[in-house]
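Trainee: Input file: start_27.pdb. Contents: PDB, C-alpha atoms.
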ATOM      1  CA  MET A   1       3.839  20.908  16.735
ATOM      2  CA  THR A   2       4.395  17.211  17.398
ATOM      3  CA  VAL A   3       1.421  14.939  16.793
ATOM      4  CA  PRO A   4       1.371  11.759  18.902
ATOM      5  CA  ALA A   5       1.006   8.673  16.685
ATOM      6  CA  HIS A   6      -2.009   7.202  18.511
ATOM      7  CA  LYS A   7      -4.172  10.306  18.384
ATOM      8  CA  LYS A   8      -6.482  11.156  15.510
ATOM      9  CA  THR A   9      -5.858  14.529  13.970
ATOM     10  CA  ALA A  10      -8.068  17.300  12.640
ATOM     11  CA  LEU A  11      -7.449  20.453  10.669
ATOM     12  CA  ILE A  12      -9.781  23.426  11.058
ATOM     13  CA  VAL A  13      -9.493  26.236   8.520
ATOM     14  CA  HIS A  14     -11.552  29.339   9.284
ATOM     15  CA  PRO A  15     -10.830  33.086   9.208
ATOM     16  CA  ASP A  16     -12.545  33.675  12.576
ATOM     17  CA  LEU A  17     -10.345  33.044  15.622
ATOM     18  CA  ASN A  18     -13.356  32.580  17.867
ATOM     19  CA  MET A  19     -14.686  29.759  15.648
ATOM     20  CA  LEU A  20     -11.257  28.148  15.509
ATOM     21  CA  SER A  21     -11.027  27.984  19.280
ATOM     22  CA  LYS A  22     -14.584  26.605  19.599
ATOM     23  CA  TYR A  23     -13.868  23.795  17.110
ATOM     24  CA  GLN A  24     -10.496  23.116  18.702
ATOM     25  CA  ALA A  25     -12.102  22.696  22.147
ATOM     26  CA  LEU A  26     -14.874  20.442  20.816
ATOM     27  CA  LEU A  27     -12.441  18.194  18.948
ATOM     28  CA  ALA A  28     -10.040  18.074  21.894
ATOM     29  CA  ALA A  29     -12.942  16.770  23.986
ATOM     30  CA  GLU A  30     -13.210  13.928  21.413
ATOM     31  CA  GLN A  31      -9.493  13.135  21.912
ATOM     32  CA  PHE A  32      -8.438  14.714  18.622
ATOM     33  CA  THR A  33      -5.219  16.606  18.181
ATOM     34  CA  THR A  34      -6.279  19.695  16.276
ATOM     35  CA  MET A  35      -4.338  22.121  14.138
ATOM     36  CA  VAL A  36      -5.877  25.389  13.031
ATOM     37  CA  ALA A  37      -5.264  27.745  10.131
ATOM     38  CA  ARG A  38      -6.819  31.107   9.302
ATOM     39  CA  ASP A  39      -5.675  31.287   5.677
ATOM     40  CA  LEU A  40      -4.745  29.214   2.637
ATOM     41  CA  PRO A  41      -0.926  29.327   2.921
ATOM     42  CA  THR A  42      -1.000  28.163   6.560
ATOM     43  CA  ALA A  43      -3.465  25.384   5.704
ATOM     44  CA  LEU A  44      -1.401  24.225   2.714
ATOM     45  CA  MET A  45       1.739  24.180   4.860
ATOM     46  CA  ALA A  46      -0.076  22.055   7.459
ATOM     47  CA  ILE A  47      -1.178  19.419   4.927
ATOM     48  CA  THR A  48       2.346  19.045   3.595
ATOM     49  CA  GLN A  49       3.602  18.286   7.099
ATOM     50  CA  HIS A  50       0.862  16.273   8.807
ATOM     51  CA  TYR A  51      -1.774  13.646   8.146
ATOM     52  CA  PHE A  52      -5.354  14.630   8.997
ATOM     53  CA  ASP A  53      -8.248  12.252   9.638
ATOM     54  CA  VAL A  54     -10.749  15.117   9.584
ATOM     55  CA  ALA A  55     -10.738  18.563   7.994
ATOM     56  CA  ILE A  56     -13.372  21.260   8.481
ATOM     57  CA  VAL A  57     -12.881  24.148   6.083
ATOM     58  CA  SER A  58     -14.727  27.422   5.645
ATOM     59  CA  ALA A  59     -15.742  27.931   1.988
ATOM     60  CA  GLN A  60     -14.801  31.574   2.395
ATOM     61  CA  LEU A  61     -11.320  32.312   3.713
ATOM     62  CA  GLY A  62     -10.121  35.530   2.052
ATOM     63  CA  GLU A  63     -12.321  35.619  -1.063
ATOM     64  CA  PRO A  64     -15.759  34.034  -1.631
ATOM     65  CA  GLY A  65     -15.325  30.379  -2.567
ATOM     66  CA  ASP A  66     -11.574  30.158  -2.040
ATOM     67  CA  GLY A  67     -12.007  27.362   0.515
ATOM     68  CA  TRP A  68     -13.240  24.949  -2.195
ATOM     69  CA  PRO A  69      -9.919  24.380  -3.969
ATOM     70  CA  LEU A  70      -8.330  23.800  -0.545
ATOM     71  CA  ALA A  71     -11.001  21.191   0.285
ATOM     72  CA  GLY A  72     -10.270  19.536  -3.084
ATOM     73  CA  VAL A  73      -6.552  19.415  -2.383
ATOM     74  CA  ILE A  74      -7.132  17.925   1.076
ATOM     75  CA  HIS A  75      -9.321  15.200  -0.486
ATOM     76  CA  LEU A  76      -6.654  14.521  -3.119
ATOM     77  CA  VAL A  77      -3.850  14.260  -0.552
ATOM     78  CA  PHE A  78      -5.867  12.313   2.050
ATOM     79  CA  PRO A  79      -8.536  10.446   0.025
ATOM     80  CA  LYS A  80      -9.776   8.463   3.024
ATOM     81  CA  SER A  81     -10.153  11.447   5.332
ATOM     82  CA  TYR A  82     -13.386  13.255   6.142
ATOM     83  CA  VAL A  83     -13.690  16.725   4.642
ATOM     84  CA  GLY A  84     -16.566  19.020   5.670
ATOM     85  CA  VAL A  85     -17.071  22.536   4.332
ATOM     86  CA  LEU A  86     -18.837  25.431   6.090
ATOM     87  CA  VAL A  87     -20.947  27.323   3.532
ATOM     88  CA  PRO A  88     -23.223  30.384   3.557
ATOM     89  CA  GLY A  89     -26.103  28.301   2.085
ATOM     90  CA  ALA A  90     -26.496  24.853   0.513
ATOM     91  CA  ASP A  91     -27.744  25.791  -2.972
ATOM     92  CA  LEU A  92     -27.284  23.738  -6.167
ATOM     93  CA  LEU A  93     -23.895  25.208  -7.091
ATOM     94  CA  THR A  94     -22.607  24.692  -3.544
ATOM     95  CA  LEU A  95     -23.629  21.029  -3.597
ATOM     96  CA  GLN A  96     -22.031  20.620  -7.033
ATOM     97  CA  ALA A  97     -18.797  22.167  -5.732
ATOM     98  CA  ALA A  98     -18.891  19.790  -2.760
ATOM     99  CA  ILE A  99     -19.262  16.714  -4.985
ATOM    100  CA  ASN A 100     -16.613  17.801  -7.469
ATOM    101  CA  ASN A 101     -14.105  18.535  -4.706
ATOM    102  CA  GLY A 102     -14.617  15.201  -2.934
ATOM    103  CA  VAL A 103     -16.227  16.803   0.115
ATOM    104  CA  GLN A 104     -18.330  14.515   2.348
ATOM    105  CA  GLU A 105     -20.703  17.127   3.752
ATOM    106  CA  VAL A 106     -21.560  20.823   3.730
ATOM    107  CA  TYR A 107     -22.694  22.677   6.846
ATOM    108  CA  GLU A 108     -24.403  26.038   6.824
ATOM    109  CA  SER A 109     -22.166  28.602   8.509
ATOM    110  CA  ASP A 110     -24.787  29.589  11.073
ATOM    111  CA  ARG A 111     -24.974  26.018  12.374
ATOM    112  CA  ALA A 112     -23.538  25.655  15.878
ATOM    113  CA  PRO A 113     -20.034  24.106  15.973
ATOM    114  CA  GLU A 114     -21.401  21.533  18.467
ATOM    115  CA  ALA A 115     -23.917  20.336  15.853
ATOM    116  CA  VAL A 116     -21.271  20.258  13.112
ATOM    117  CA  VAL A 117     -18.841  18.207  15.222
ATOM    118  CA  SER A 118     -21.625  15.861  16.280
ATOM    119  CA  SER A 119     -22.570  15.295  12.611
ATOM    120  CA  VAL A 120     -18.923  14.706  11.653
ATOM    121  CA  PHE A 121     -18.550  12.050  14.358
ATOM    122  CA  GLY A 122     -21.862  10.470  13.362
ATOM    123  CA  SER A 123     -20.570  10.125   9.786
ATOM    124  CA  LEU A 124     -17.206   8.779  10.946
ATOM    125  CA  LYS A 125     -18.901   6.135  13.109
ATOM    126  CA  ALA A 126     -21.255   5.155  10.260
ATOM    127  CA  GLY A 127     -18.236   4.859   7.948
ATOM    128  CA  GLU A 128     -16.392   2.636  10.446
ATOM    129  CA  SER A 129     -19.426   0.366  10.829
ATOM    130  CA  LYS A 130     -19.746   0.010   7.038
ATOM    131  CA  ALA A 131     -16.025  -0.807   6.738
ATOM    132  CA  LYS A 132     -16.296  -3.461   9.466
ATOM    133  CA  ALA A 133     -19.343  -5.019   7.807
ATOM    134  CA  ARG A 134     -17.507  -5.067   4.465
ATOM    135  CA  ALA A 135     -14.474  -6.719   6.088
ATOM    136  CA  ARG A 136     -16.745  -9.422   7.533
ATOM    137  CA  VAL A 137     -18.323 -10.082   4.120
ATOM    138  CA  GLN A 138     -14.931 -10.290   2.411
TER
ATOM    139  CA  MET B 139       0.246  -2.156 -24.629
ATOM    140  CA  PRO B 140      -1.479  -1.005 -21.377
ATOM    141  CA  LYS B 141      -5.157  -1.866 -21.093
ATOM    142  CA  LYS B 142      -7.506   0.989 -21.953
ATOM    143  CA  PRO B 143      -9.694   2.195 -19.051
ATOM    144  CA  SER B 144     -13.241   0.953 -19.585
ATOM    145  CA  LEU B 145     -16.218   3.297 -19.353
ATOM    146  CA  LEU B 146     -19.941   2.678 -19.222
ATOM    147  CA  ILE B 147     -21.889   5.638 -20.611
ATOM    148  CA  VAL B 148     -25.624   5.737 -19.906
ATOM    149  CA  ASP B 149     -28.072   8.184 -21.509
ATOM    150  CA  ASP B 150     -31.472   7.881 -23.132
ATOM    151  CA  GLU B 151     -30.671  10.644 -25.627
ATOM    152  CA  GLU B 152     -29.079   8.955 -28.624
ATOM    153  CA  ASN B 153     -27.165  12.027 -29.782
ATOM    154  CA  VAL B 154     -25.592  12.563 -26.338
ATOM    155  CA  LEU B 155     -24.623   8.897 -26.149
ATOM    156  CA  PHE B 156     -23.137   9.012 -29.640
ATOM    157  CA  THR B 157     -21.166  12.223 -29.000
ATOM    158  CA  LEU B 158     -19.769  11.064 -25.660
ATOM    159  CA  LYS B 159     -18.817   7.689 -27.135
ATOM    160  CA  LEU B 160     -17.010   9.346 -30.031
ATOM    161  CA  VAL B 161     -15.171  11.903 -27.895
ATOM    162  CA  LEU B 162     -14.130   9.479 -25.165
ATOM    163  CA  GLN B 163     -13.138   6.727 -27.605
ATOM    164  CA  GLU B 164     -10.923   9.303 -29.298
ATOM    165  CA  ALA B 165      -9.469  10.120 -25.861
ATOM    166  CA  GLY B 166      -8.339   6.487 -25.489
ATOM    167  CA  TYR B 167     -11.106   4.823 -23.502
ATOM    168  CA  GLU B 168     -12.906   1.553 -24.157
ATOM    169  CA  ILE B 169     -16.598   2.387 -24.313
ATOM    170  CA  THR B 170     -19.768   0.431 -23.531
ATOM    171  CA  THR B 171     -23.094   2.231 -23.793
ATOM    172  CA  ALA B 172     -26.576   1.724 -22.400
ATOM    173  CA  SER B 173     -29.659   3.765 -23.207
ATOM    174  CA  SER B 174     -31.457   3.168 -19.908
ATOM    175  CA  CYS B 175     -30.776   2.639 -16.242
ATOM    176  CA  SER B 176     -32.138  -0.914 -16.420
ATOM    177  CA  GLY B 177     -29.835  -1.704 -19.354
ATOM    178  CA  ALA B 178     -26.871  -0.399 -17.352
ATOM    179  CA  LEU B 179     -27.865  -2.420 -14.278
ATOM    180  CA  ASP B 180     -28.086  -5.574 -16.447
ATOM    181  CA  LEU B 181     -24.522  -4.999 -17.615
ATOM    182  CA  ILE B 182     -23.268  -4.433 -14.064
ATOM    183  CA  HIS B 183     -25.082  -7.489 -12.718
ATOM    184  CA  ASN B 184     -23.655  -9.609 -15.514
ATOM    185  CA  ALA B 185     -20.167  -9.150 -14.140
ATOM    186  CA  HIS B 186     -19.036  -6.441 -16.544
ATOM    187  CA  ARG B 187     -16.367  -4.381 -14.801
ATOM    188  CA  PHE B 188     -15.964  -0.708 -15.550
ATOM    189  CA  ASP B 189     -13.346   1.769 -14.380
ATOM    190  CA  ALA B 190     -15.901   4.566 -14.588
ATOM    191  CA  ILE B 191     -19.647   4.922 -15.029
ATOM    192  CA  LEU B 192     -20.966   8.135 -16.566
ATOM    193  CA  THR B 193     -24.717   8.446 -16.353
ATOM    194  CA  ASP B 194     -27.527  10.816 -17.111
ATOM    195  CA  LEU B 195     -29.814  11.499 -14.163
ATOM    196  CA  CYS B 196     -33.307  11.479 -15.689
ATOM    197  CA  MET B 197     -34.068   8.537 -17.990
ATOM    198  CA  GLU B 198     -36.925   6.049 -17.456
ATOM    199  CA  ARG B 199     -37.974   8.394 -14.682
ATOM    200  CA  GLU B 200     -36.728  11.431 -12.804
ATOM    201  CA  ASP B 201     -33.437  11.005 -10.910
ATOM    202  CA  ILE B 202     -33.189   7.270 -11.736
ATOM    203  CA  GLY B 203     -29.473   7.809 -12.412
ATOM    204  CA  LEU B 204     -29.049   8.031  -8.634
ATOM    205  CA  GLU B 205     -30.172   4.386  -8.353
ATOM    206  CA  LEU B 206     -27.487   3.339 -10.813
ATOM    207  CA  ALA B 207     -24.947   5.473  -8.922
ATOM    208  CA  HIS B 208     -25.978   3.861  -5.652
ATOM    209  CA  THR B 209     -25.602   0.334  -7.055
ATOM    210  CA  ALA B 210     -22.257   1.259  -8.640
ATOM    211  CA  SER B 211     -20.984   2.682  -5.345
ATOM    212  CA  LYS B 212     -21.298  -0.769  -3.775
ATOM    213  CA  LEU B 213     -19.182  -2.514  -6.429
ATOM    214  CA  ARG B 214     -15.650  -3.625  -5.516
ATOM    215  CA  PRO B 215     -13.463  -2.273  -6.960
ATOM    216  CA  ARG B 216     -15.658   0.804  -6.897
ATOM    217  CA  PRO B 217     -15.753   2.572 -10.266
ATOM    218  CA  VAL B 218     -15.508   6.328 -10.630
ATOM    219  CA  ILE B 219     -19.108   7.592 -10.781
ATOM    220  CA  MET B 220     -20.035  10.684 -12.783
ATOM    221  CA  ILE B 221     -23.530  12.119 -13.187
ATOM    222  CA  PHE B 222     -24.699  14.692 -15.700
ATOM    223  CA  THR B 223     -28.098  16.315 -15.982
ATOM    224  CA  GLY B 224     -30.083  19.023 -17.655
ATOM    225  CA  TYR B 225     -32.359  19.138 -14.628
ATOM    226  CA  GLY B 226     -30.069  19.870 -11.692
ATOM    227  CA  SER B 227     -31.816  20.641  -8.418
ATOM    228  CA  ILE B 228     -30.901  20.905  -4.751
ATOM    229  CA  THR B 229     -32.718  17.595  -4.178
ATOM    230  CA  ASN B 230     -30.875  15.550  -6.808
ATOM    231  CA  ALA B 231     -27.508  17.178  -6.047
ATOM    232  CA  ARG B 232     -28.029  16.344  -2.349
ATOM    233  CA  GLY B 233     -28.831  12.761  -3.393
ATOM    234  CA  ALA B 234     -25.627  12.621  -5.442
ATOM    235  CA  LEU B 235     -23.554  13.959  -2.510
ATOM    236  CA  ASP B 236     -25.066  11.311  -0.242
ATOM    237  CA  VAL B 237     -24.206   8.377  -2.584
ATOM    238  CA  PRO B 238     -21.442   9.814  -2.921
ATOM    239  CA  VAL B 239     -20.761  10.349  -6.623
ATOM    240  CA  ASP B 240     -17.390  11.668  -7.746
ATOM    241  CA  TYR B 241     -18.496  14.262 -10.260
ATOM    242  CA  PHE B 242     -21.720  16.154 -10.981
ATOM    243  CA  ALA B 243     -22.094  18.189 -14.180
ATOM    244  CA  MET B 244     -24.858  20.207 -15.780
ATOM    245  CA  LYS B 245     -25.813  19.854 -19.438
ATOM    246  CA  PRO B 246     -24.759  21.172 -21.887
ATOM    247  CA  LEU B 247     -21.536  19.404 -20.971
ATOM    248  CA  ASP B 248     -18.153  21.061 -21.250
ATOM    249  CA  LEU B 249     -16.387  18.092 -22.863
ATOM    250  CA  ASP B 250     -12.860  19.302 -22.096
ATOM    251  CA  GLU B 251     -13.757  19.761 -18.453
ATOM    252  CA  LEU B 252     -15.426  16.338 -18.386
ATOM    253  CA  LYS B 253     -12.352  14.660 -19.934
ATOM    254  CA  GLY B 254     -10.059  16.459 -17.474
ATOM    255  CA  ALA B 255     -12.152  15.442 -14.477
ATOM    256  CA  LEU B 256     -12.345  11.834 -15.686
ATOM    257  CA  ARG B 257      -8.575  11.630 -16.189
ATOM    258  CA  ARG B 258      -7.936  13.166 -12.750
ATOM    259  CA  LEU B 259     -10.395  10.862 -10.961
ATOM    260  CA  LEU B 260      -9.070   7.707 -12.656
ATOM    261  CA  SER B 261      -5.489   8.688 -11.783
ATOM    262  CA  ALA B 262      -6.433   9.360  -8.163
ATOM    263  CA  ARG B 263      -8.213   5.982  -7.999
ATOM    264  CA  ALA B 264      -5.170   4.202  -9.426
ATOM    265  CA  ALA B 265      -2.863   5.971  -6.962
ATOM    266  CA  THR B 266      -5.104   4.955  -4.038
ATOM    267  CA  LYS B 267      -5.066   1.317  -5.236
ATOM    268  CA  ARG B 268      -1.268   1.375  -5.525
ATOM    269  CA  GLY B 269      -1.024   2.809  -2.006
ATOM    270  CA  ARG B 270      -3.173   0.008  -0.640
ATOM    271  CA  ARG B 271      -0.868  -2.731  -1.942
TER
END
Written as structure tokens, that's how I'd like the structure from this file.
Mentor:
Amino acid sequence: MTVPAHKKTALIVHPDLNMLSKYQALLAAEQFTTMVARDLPTALMAITQHYFDVAIVSAQLGEPGDGWPLAGVIHLVFPKSYVGVLVPGADLLTLQAAINNGVQEVYESDRAPEAVVSSVFGSLKAGESKAKARARVQ
Amino acid sequence: MPKKPSLLIVDDEENVLFTLKLVLQEAGYEITTASSCSGALDLIHNAHRFDAILTDLCMEREDIGLELAHTASKLRPRPVIMIFTGYGSITNARGALDVPVDYFAMKPLDLDELKGALRRLLSARAATKRGRR
């Protein structure tokens, strides 16, 4: 897949095809080029070949919790990118895993993809505003 | 000789402060300590620069470590920020994610894990700085 240079890119990693297509459609509407993966090997291959501005990863791909190391790797490879993780519930250990893997936000799995994408874009816009303000100060 | 990374360790429990200082000094870091959030903020506001700040969460009052983390997150260059607590809760972990801090650990601390995470985070920070140049 060729990614045009001017378009922002997103990676969605989720075992459910239906969810992948919903997220892909929502991000396409926001002018994102989106790549999808249903498992770890496909996701890892994607991050070795492309840059991603945004990644939304399910915490549970094959086994419970196996999405976390992937989220950590994405943060390590693209430290300035936004990484969100879809989780069964936001308990203490989940929040700790999010912090320690460099994840920006966790979203409960039953939350509508529309709400998740809207929150991601809200955070991205807030981040851009902060960066602009910082640039003005400096 | 390359400059040692400098750490600020903040905890109101003397034995924790002493142990962390000893272990991390041994691991090759330059250590400054503070026994309260206000003491740590004084150091930061007096132009002391740290590569990483490791702080307890509950000191003068509950979750005050988040205030230190928040102030530290605005410093440029931004230090690595690590929080540890014996009183982890959804509320304070959510607060730490929102700052955002780089590492959140429960007491009793696994010192090997803490050292590994610190090394990894400092390396990642250095790599990001190199990439920016």
Trainee: Report as a VMD selection string the residues that result from applying the PyMOL selection byres ((chain A) within 7 of (chain B)) to the structure here.
Mentor: chain A and resid 91 to 92 95 to 96 99 to 100 102
Trainee: Using only C-alpha atoms, which protein or nucleic acid residues come within 10 Å of stretch 150-167 of chain B? Drop anything in the same chain fewer than 3 positions from it, and give the result as number ranges by chain.
Mentor: B: 141-147, 170-175, 189, 192-198, 246-247, 249-250, 252-253, 256-257
Trainee: Mind giving me the straight-line distance from atom CA of A:Val85 to atom CA of A:Ala98 in Å, one decimal?
Mentor: 7.8 Å
Trainee: When the PyMOL selection byres ((chain A and resi 74-76) around 10) is applied to the structure above, which residues does it catch, written out as an NGL selection string?
Mentor: (:A and (11 or 43-44 or 47-48 or 51-52 or 54-55 or 57 or 68-73 or 77-83 or 101-104)) or (:B and (258-259 or 262-263 or 266))
Trainee: What is the distance between atom CA of B:Gly254 and atom CA of B:Glu168, in Å to one decimal?
Mentor: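 These two atoms are separated by 16.6 Å.
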Trainee: Rounded to one decimal, what separation in Å do you get between atom CA of A:Asp39 and atom CA of A:Thr9?
Mentor: 18.7 Å
Trainee: Just checking: using only C-alpha atoms, which residue out of A:Ala28, A:Leu20, A:Met45, A:Val13 ends up closest to A:Leu61?
Mentor: A:Val13
Trainee: Dump as a tab-separated table the rows for residues of stretch 20-89 of chain A within 8 Å of stretch 115-130 of chain A: closest atom pair and distance in Å with one decimal, only C-alpha atoms counted, ordered by chain and rising residue number.
Mentor:
residue	atom	partner	partner_atom	distance
A:Tyr23	CA	A:Val117	CA	7.7
A:Leu26	CA	A:Val117	CA	7.2
A:Leu27	CA	A:Val117	CA	7.4
A:Tyr82	CA	A:Leu124	CA	7.6
A:Gly84	CA	A:Val120	CA	7.7
Trainee: On this structure, the PyMOL selection byres ((chain A and resi 108) around 8) would catch which residues? List them as a list in words, sorted by chain and number.
Mentor: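 On the file shown, the PyMOL selection byres ((chain A and resi 108) around 8) covers Leu86, Val87, Pro88, Gly89, Ala90, Val106, Tyr107, Ser109, Asp110 and Arg111 of chain A.
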Trainee: Measuring atom to atom with all atoms listed in the file, identify which of B:Leu179, B:Asp149, B:Lys267, B:Asp248 is nearest to B:Arg214.
Mentor: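 Answer, going by the shortest atom-to-atom distance: B:Lys267.
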Trainee: Hey, could you pull the box centre and edge lengths for stretch 103-116 of chain A, axis-aligned, 5 Å padding per side, all listed atoms, to one decimal in Å, as JSON?
Mentor:
{"center_x": -20.6, "center_y": 22.1, "center_z": 9.3, "size_x": 18.7, "size_y": 25.1, "size_z": 28.4}
